[in-house]
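*Asks:* Handing you this structure, nothing more for now.
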Amino acid sequence: MSKVDLFAAIRRDSRAGMSVRAMAGKYQVSRRTVRAALQSAWPQPRKAMPSRASKLDDFKPIIDAILLADLDAPRKQRHTVTRIYDRLIAEHGMQGVSYSVVRRYVADRKPTIRVEVGRGPINVFLPQTHRPGEEAEVDFGEVTINLRGEPVTCMLFALRLSFSGKAVHRIFASGGTEAFLEGHVHAFSTLGGVPTGKIRYDNLRAAVAQVLGFSRQRVETIRWTAFRSHFSVDAFYCQPGLQGAHEKGGVEGQIGWFRRNHLVPVPSLNY
C-alpha cells in the first residue's frame, strides 16, 4: 500500500466513525500519521536531508583561487587536476580527501567561475539520439607506418554509423579528394547502402571550398557536389575548430581507438 492509498483508507475509515486510536492500530502507524491523513489527502514530502560536511570544504576557497588565477595564465601552463591535488597536499596539508573528490569539484567549479567573472556563458552539451541507419560521421586522422624502414605519415579515412557505432576504415597515402571520395565508395559498399539521414563532416578541403562566416553554409567543391548528388548524401557541416569536434565526437574517438588497437606496434611494409 502506497502512502496515498494509506491516507485514503484512513480518511474513509474516519468518515465511517472509527477513532484515531483504532485506525492507528488497524494500519500499524502512529497517531501522528493518522492525524496527518485527516488533515490532507496528499502526504507531505519528506524533508531533504541536510548535506553532509565534506573534508574538502576547508580547501574549496583555495581551489577557487587557483582556478581564478588560471584564467589569466598562459593556456599551456594552467593547473591540471593532478597539479591542484598535489599542491593541496604539499602546501596546505590536505589529508583524507581522494583525487576523485577534487576532480569532481574542479569539473563543477571551473565553468561557473568563468561565468562569475564575466568570461563567457556555460557551454551546455545535449546527448545525441539517432535512429538505425539514419546518421553517420566522417573524418580523416593521421597514422604512421614504416615503409621500407622509413616512417611515413598516411591518412586514415573513417565512416562511423551513429546508432550502432559500426565503422569502416581505409588508409590512404593522403587525404586529398580522390581518397575522400574513394573512402565513401568503399564504406557504402561495405555497409550495403547510404545512411538515410545526414552525414556529419568538418570542413575538409576535399569537400568545402569556403566557410561562409559563422553560419553552417558552405561553398562546396564541384566534385564533392556531384558525388553527393549521385549517392544522395545529405551533408551536415560542423562548426570550425574545437566546437565542431564535439559535434562528431563518435568518429573522433573511433579513429583513436583504431590506431591504438590495430596500428600498435607501428606496421611495417617492404613494398
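Labels for the C-alpha cells follow display order: chains A, B, ..., residues from 1 in each chain, ligands from 1.
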Which residues, written as a VMD selection string, have at least one atom at most 12 Å from Leu212 in chain A, with only C-alpha atoms counted and residues fewer than 3 positions away on the same chain left out?
*Replies:* chain A and resid 203 208 to 209 215 to 220 237 239 to 240
*Asks:* Mind checking which residues fall within 9 Å of range 48-62 of chain A, counting only C-alpha atoms, ignoring those fewer than 5 positions away in the same chain, and posting them as an NGL selection string?
*Replies:* :A and (67 or 88 or 92 or 94-97 or 101-102 or 105)
*Asks:* List every residue of range 152-219 of chain A that DSSP, applied to the backbone of this structure, places in strand (DSSP E or B), and write the result as a list in words.
*Replies:* Val152, Thr153, Cys154, Met155, Leu156, Phe157, Ala158, Leu159, Arg160, Leu161, Ala167, Val168, His169, Arg170, Ile171, Phe172, Lys198, Ile199, Arg200, Tyr201, Val208, Ala209, Gln210, Val211, Arg218 and Val219 of chain A
*Asks:* Quote the spacing between CA of Phe7 in chain A and CA of Ala37 in chain A in Å to one decimal place.
*Replies:*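 These atoms are spaced 4.9 Å apart.
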*Asks:* One decimal, Å: what's the distance from CA of Ala136 in chain A over to CA of Glu178 in chain A, could you say?
*Replies:* 20.2 Å
*Asks:* Can you work out which one of A:Arg109, A:Val194, A:Asp72, A:Val266 has the shortest atom-to-atom distance to Thr153 in chain A, counting only C-alpha atoms?
*Replies:*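 Result for the nearest residue to Thr153 in chain A: A:Val266.
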*Asks:* Leaving out Ile10 in chain A and any residue of its chain fewer than 3 positions from it, which residues lie within 9 Å of it when counting only C-alpha atoms, given as a ChimeraX atom specification?
*Replies:* /A:5-7,13-15,18,20,23-24,27,34,37-38
*Asks:* How about saving the chosen residues, N, CA and C atoms kept, as an mmCIF file, in the first residue's frame?
*Replies:*
data_model
loop_
_atom_site.group_PDB
_atom_site.id
_atom_site.type_symbol
_atom_site.label_atom_id
_atom_site.label_comp_id
_atom_site.auth_asym_id
_atom_site.auth_seq_id
_atom_site.Cartn_x
_atom_site.Cartn_y
_atom_site.Cartn_z
ATOM 1 N N ASP A 5 -2.510 5.689 -0.810
ATOM 2 C CA ASP A 5 -3.566 4.716 -0.550
ATOM 3 C C ASP A 5 -3.858 4.607 0.948
ATOM 4 N N LEU A 6 -2.771 4.646 1.757
ATOM 5 C CA LEU A 6 -2.949 4.593 3.205
ATOM 6 C C LEU A 6 -3.776 5.762 3.704
ATOM 7 N N PHE A 7 -3.451 6.970 3.227
ATOM 8 C CA PHE A 7 -4.191 8.158 3.650
ATOM 9 C C PHE A 7 -5.656 8.062 3.221
ATOM 10 N N ASP A 13 -12.095 5.405 6.694
ATOM 11 C CA ASP A 13 -12.498 4.843 7.988
ATOM 12 C C ASP A 13 -12.937 5.934 8.951
ATOM 13 N N SER A 14 -12.308 7.122 8.838
ATOM 14 C CA SER A 14 -12.688 8.227 9.717
ATOM 15 C C SER A 14 -14.119 8.665 9.444
ATOM 16 N N ARG A 15 -14.487 8.715 8.145
ATOM 17 C CA ARG A 15 -15.863 9.093 7.808
ATOM 18 C C ARG A 15 -16.862 8.054 8.300
ATOM 19 N N MET A 18 -14.581 5.666 12.790
ATOM 20 C CA MET A 18 -13.523 4.994 13.536
ATOM 21 C C MET A 18 -12.639 6.028 14.217
ATOM 22 N N VAL A 20 -9.195 7.695 16.102
ATOM 23 C CA VAL A 20 -7.789 7.807 15.715
ATOM 24 C C VAL A 20 -6.996 6.625 16.262
ATOM 25 N N MET A 23 -7.725 3.446 14.246
ATOM 26 C CA MET A 23 -7.108 3.457 12.913
ATOM 27 C C MET A 23 -5.606 3.256 13.009
ATOM 28 N N ALA A 24 -4.976 3.834 14.042
ATOM 29 C CA ALA A 24 -3.540 3.640 14.220
ATOM 30 C C ALA A 24 -3.222 2.164 14.448
ATOM 31 N N TYR A 27 -3.858 0.041 11.005
ATOM 32 C CA TYR A 27 -2.878 0.189 9.918
ATOM 33 C C TYR A 27 -1.432 0.161 10.405
ATOM 34 N N VAL A 34 -1.939 9.255 11.416
ATOM 35 C CA VAL A 34 -3.390 9.272 11.224
ATOM 36 C C VAL A 34 -3.898 10.711 11.171
ATOM 37 N N ALA A 37 -3.104 12.312 7.919
ATOM 38 C CA ALA A 37 -4.000 11.863 6.856
ATOM 39 C C ALA A 37 -5.344 12.568 6.929
ATOM 40 N N LEU A 38 -5.801 12.844 8.146
ATOM 41 C CA LEU A 38 -7.087 13.533 8.294
ATOM 42 C C LEU A 38 -7.001 14.997 7.887
#
*Asks:* Near Phe227 in chain A, counting only C-alpha atoms, which residues have an atom at most 12 Å away, once you skip same-chain residues fewer than 3 positions from it, shown as a CSV table (one decimal) with N, CA, C and O atoms, in the first residue's frame?
*Replies:*
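For reference, around21.csv as written:
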chain,number,residue,atom,x,y,z
A,177,THR,N,41.2,14.7,-52.5
A,177,THR,CA,39.8,14.5,-53.0
A,177,THR,C,39.6,13.0,-53.4
A,177,THR,O,38.6,12.4,-53.1
A,178,GLU,N,40.6,12.5,-54.1
A,178,GLU,CA,40.5,11.1,-54.5
A,178,GLU,C,40.3,10.1,-53.4
A,178,GLU,O,39.4,9.2,-53.4
A,180,PHE,N,39.2,10.9,-50.4
A,180,PHE,CA,37.9,11.3,-49.7
A,180,PHE,C,36.7,10.6,-50.4
A,180,PHE,O,35.9,9.9,-49.8
A,181,LEU,N,36.7,10.7,-51.7
A,181,LEU,CA,35.6,10.0,-52.5
A,181,LEU,C,35.7,8.5,-52.5
A,181,LEU,O,34.7,7.8,-52.3
A,182,GLU,N,36.9,8.0,-52.6
A,182,GLU,CA,37.1,6.5,-52.6
A,182,GLU,C,36.7,5.9,-51.3
A,182,GLU,O,36.2,4.8,-51.2
A,184,HIS,N,34.4,7.0,-49.3
A,184,HIS,CA,33.0,6.9,-49.2
A,184,HIS,C,32.5,5.7,-50.0
A,184,HIS,O,31.6,4.9,-49.5
A,185,VAL,N,33.0,5.5,-51.2
A,185,VAL,CA,32.5,4.4,-52.0
A,185,VAL,C,32.8,3.1,-51.3
A,185,VAL,O,32.0,2.2,-51.3
A,206,ALA,N,38.7,18.7,-49.3
A,206,ALA,CA,38.1,17.9,-50.3
A,206,ALA,C,36.6,18.1,-50.6
A,206,ALA,O,36.1,17.9,-51.7
A,207,ALA,N,35.9,18.6,-49.5
A,207,ALA,CA,34.5,18.9,-49.6
A,207,ALA,C,34.2,20.3,-49.6
A,207,ALA,O,33.2,20.8,-50.3
A,220,GLU,N,30.8,24.3,-51.6
A,220,GLU,CA,31.3,23.0,-51.7
A,220,GLU,C,32.2,22.9,-53.0
A,220,GLU,O,31.9,23.7,-54.0
A,221,THR,N,33.1,22.0,-53.0
A,221,THR,CA,33.9,21.8,-54.3
A,221,THR,C,32.9,21.1,-55.3
A,221,THR,O,32.0,20.4,-54.9
A,222,ILE,N,33.2,21.3,-56.6
A,222,ILE,CA,32.4,20.8,-57.6
A,222,ILE,C,32.3,19.3,-57.6
A,222,ILE,O,31.2,18.7,-57.7
A,223,ARG,N,33.4,18.6,-57.5
A,223,ARG,CA,33.5,17.2,-57.5
A,223,ARG,C,32.7,16.6,-56.3
A,223,ARG,O,32.0,15.6,-56.4
A,224,TRP,N,32.7,17.2,-55.1
A,224,TRP,CA,32.0,16.7,-54.0
A,224,TRP,C,30.5,16.9,-54.2
A,224,TRP,O,29.7,16.1,-53.8
A,230,HIS,N,25.1,12.1,-56.8
A,230,HIS,CA,25.0,10.8,-57.3
A,230,HIS,C,24.6,9.8,-56.2
A,230,HIS,O,23.7,8.9,-56.5
A,231,PHE,N,25.1,9.9,-55.0
A,231,PHE,CA,24.8,8.9,-54.0
A,231,PHE,C,23.7,9.4,-53.0
A,231,PHE,O,23.4,8.7,-52.0
A,232,SER,N,23.1,10.6,-53.3
A,232,SER,CA,22.1,11.1,-52.4
A,232,SER,C,22.6,11.3,-50.9
A,232,SER,O,21.9,10.9,-50.0
A,233,VAL,N,23.8,11.9,-50.8
A,233,VAL,CA,24.4,12.1,-49.5
A,233,VAL,C,23.9,13.5,-49.0
A,233,VAL,O,24.0,14.5,-49.7
A,234,ASP,N,23.4,13.5,-47.8
A,234,ASP,CA,22.9,14.7,-47.1
A,234,ASP,C,24.0,15.1,-46.1
A,234,ASP,O,24.2,14.5,-45.1
A,235,ALA,N,24.7,16.2,-46.4
A,235,ALA,CA,25.9,16.6,-45.6
A,235,ALA,C,25.5,17.6,-44.5
A,235,ALA,O,24.7,18.5,-44.7
*Asks:* Could you write out, as JSON, numbers by chain, all the residues of range 102-156 of chain A that DSSP marks as alpha helix (DSSP H)?
*Replies:* {"A": [102, 103, 104, 105, 106, 107, 108, 109, 110, 111, 112, 113, 114, 115, 116]}
*Asks:* Based on the selection just made, write N, CA and C atoms of those residues as a short mmCIF file (atom, residue, chain, number, x, y, z; two decimals), in the first residue's frame.
*Replies:*
data_model
loop_
_atom_site.label_atom_id
_atom_site.label_comp_id
_atom_site.auth_asym_id
_atom_site.auth_seq_id
_atom_site.Cartn_x
_atom_site.Cartn_y
_atom_site.Cartn_z
N VAL A 102 38.31 15.77 -5.53
CA VAL A 102 38.86 17.03 -6.04
C VAL A 102 38.52 17.19 -7.52
N ARG A 103 38.63 16.11 -8.27
CA ARG A 103 38.34 16.18 -9.71
C ARG A 103 36.90 16.59 -9.98
N ARG A 104 35.95 16.02 -9.22
CA ARG A 104 34.55 16.37 -9.42
C ARG A 104 34.29 17.84 -9.08
N TYR A 105 34.91 18.32 -8.01
CA TYR A 105 34.70 19.71 -7.63
C TYR A 105 35.28 20.66 -8.68
N VAL A 106 36.46 20.36 -9.18
CA VAL A 106 37.09 21.21 -10.20
C VAL A 106 36.24 21.22 -11.46
N ALA A 107 35.72 20.06 -11.86
CA ALA A 107 34.90 19.99 -13.06
C ALA A 107 33.63 20.82 -12.93
N ASP A 108 33.06 20.88 -11.71
CA ASP A 108 31.85 21.67 -11.50
C ASP A 108 32.15 23.17 -11.40
N ARG A 109 33.25 23.52 -10.77
CA ARG A 109 33.53 24.92 -10.49
C ARG A 109 34.18 25.67 -11.64
N LYS A 110 34.97 24.99 -12.44
CA LYS A 110 35.73 25.70 -13.48
C LYS A 110 34.82 26.49 -14.42
N PRO A 111 33.74 25.92 -14.98
CA PRO A 111 32.90 26.73 -15.87
C PRO A 111 32.13 27.82 -15.14
N THR A 112 31.71 27.54 -13.90
CA THR A 112 30.93 28.57 -13.18
C THR A 112 31.79 29.74 -12.78
N ILE A 113 33.05 29.51 -12.49
CA ILE A 113 33.95 30.62 -12.15
C ILE A 113 34.12 31.55 -13.36
N ARG A 114 34.20 30.99 -14.55
CA ARG A 114 34.29 31.83 -15.76
C ARG A 114 33.07 32.73 -15.89
N VAL A 115 31.91 32.18 -15.58
CA VAL A 115 30.67 32.97 -15.67
C VAL A 115 30.66 34.05 -14.60
N GLU A 116 31.09 33.70 -13.40
CA GLU A 116 31.06 34.66 -12.29
C GLU A 116 31.92 35.89 -12.54
#
*Asks:* Between CA of Ile89 in chain A and CA of Pro74 in chain A, what is the distance in Å, rounded to a tenth?
*Replies:* 24.0 Å
*Asks:* Considering only C-alpha atoms, can you say which of A:Asp64, A:Glu137, A:Asp86, A:Glu142 comes closest to Gly197 in chain A?
*Replies:*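 Among the listed residues, the smallest separation from Gly197 in chain A belongs to A:Glu137.
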*Asks:* Which of these, A:Arg228, A:His169, A:Arg148, A:Arg160, has the shortest distance to Ser268 in chain A once you count only C-alpha atoms?
*Replies:* A:Arg148
*Asks:* For Gly176 in chain A, which residue out of A:Thr196, A:Phe140, A:Gly149, A:Ile66 is the nearest one, using only C-alpha atoms?
*Replies:* A:Phe140
*Asks:* Measuring between only C-alpha atoms, which one of A:Ile63, A:Val143, A:Val4, A:Val117 shows the shortest distance to Arg260 in chain A?
*Replies:*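 The shortest atom-to-atom distance to Arg260 in chain A comes from A:Val143.
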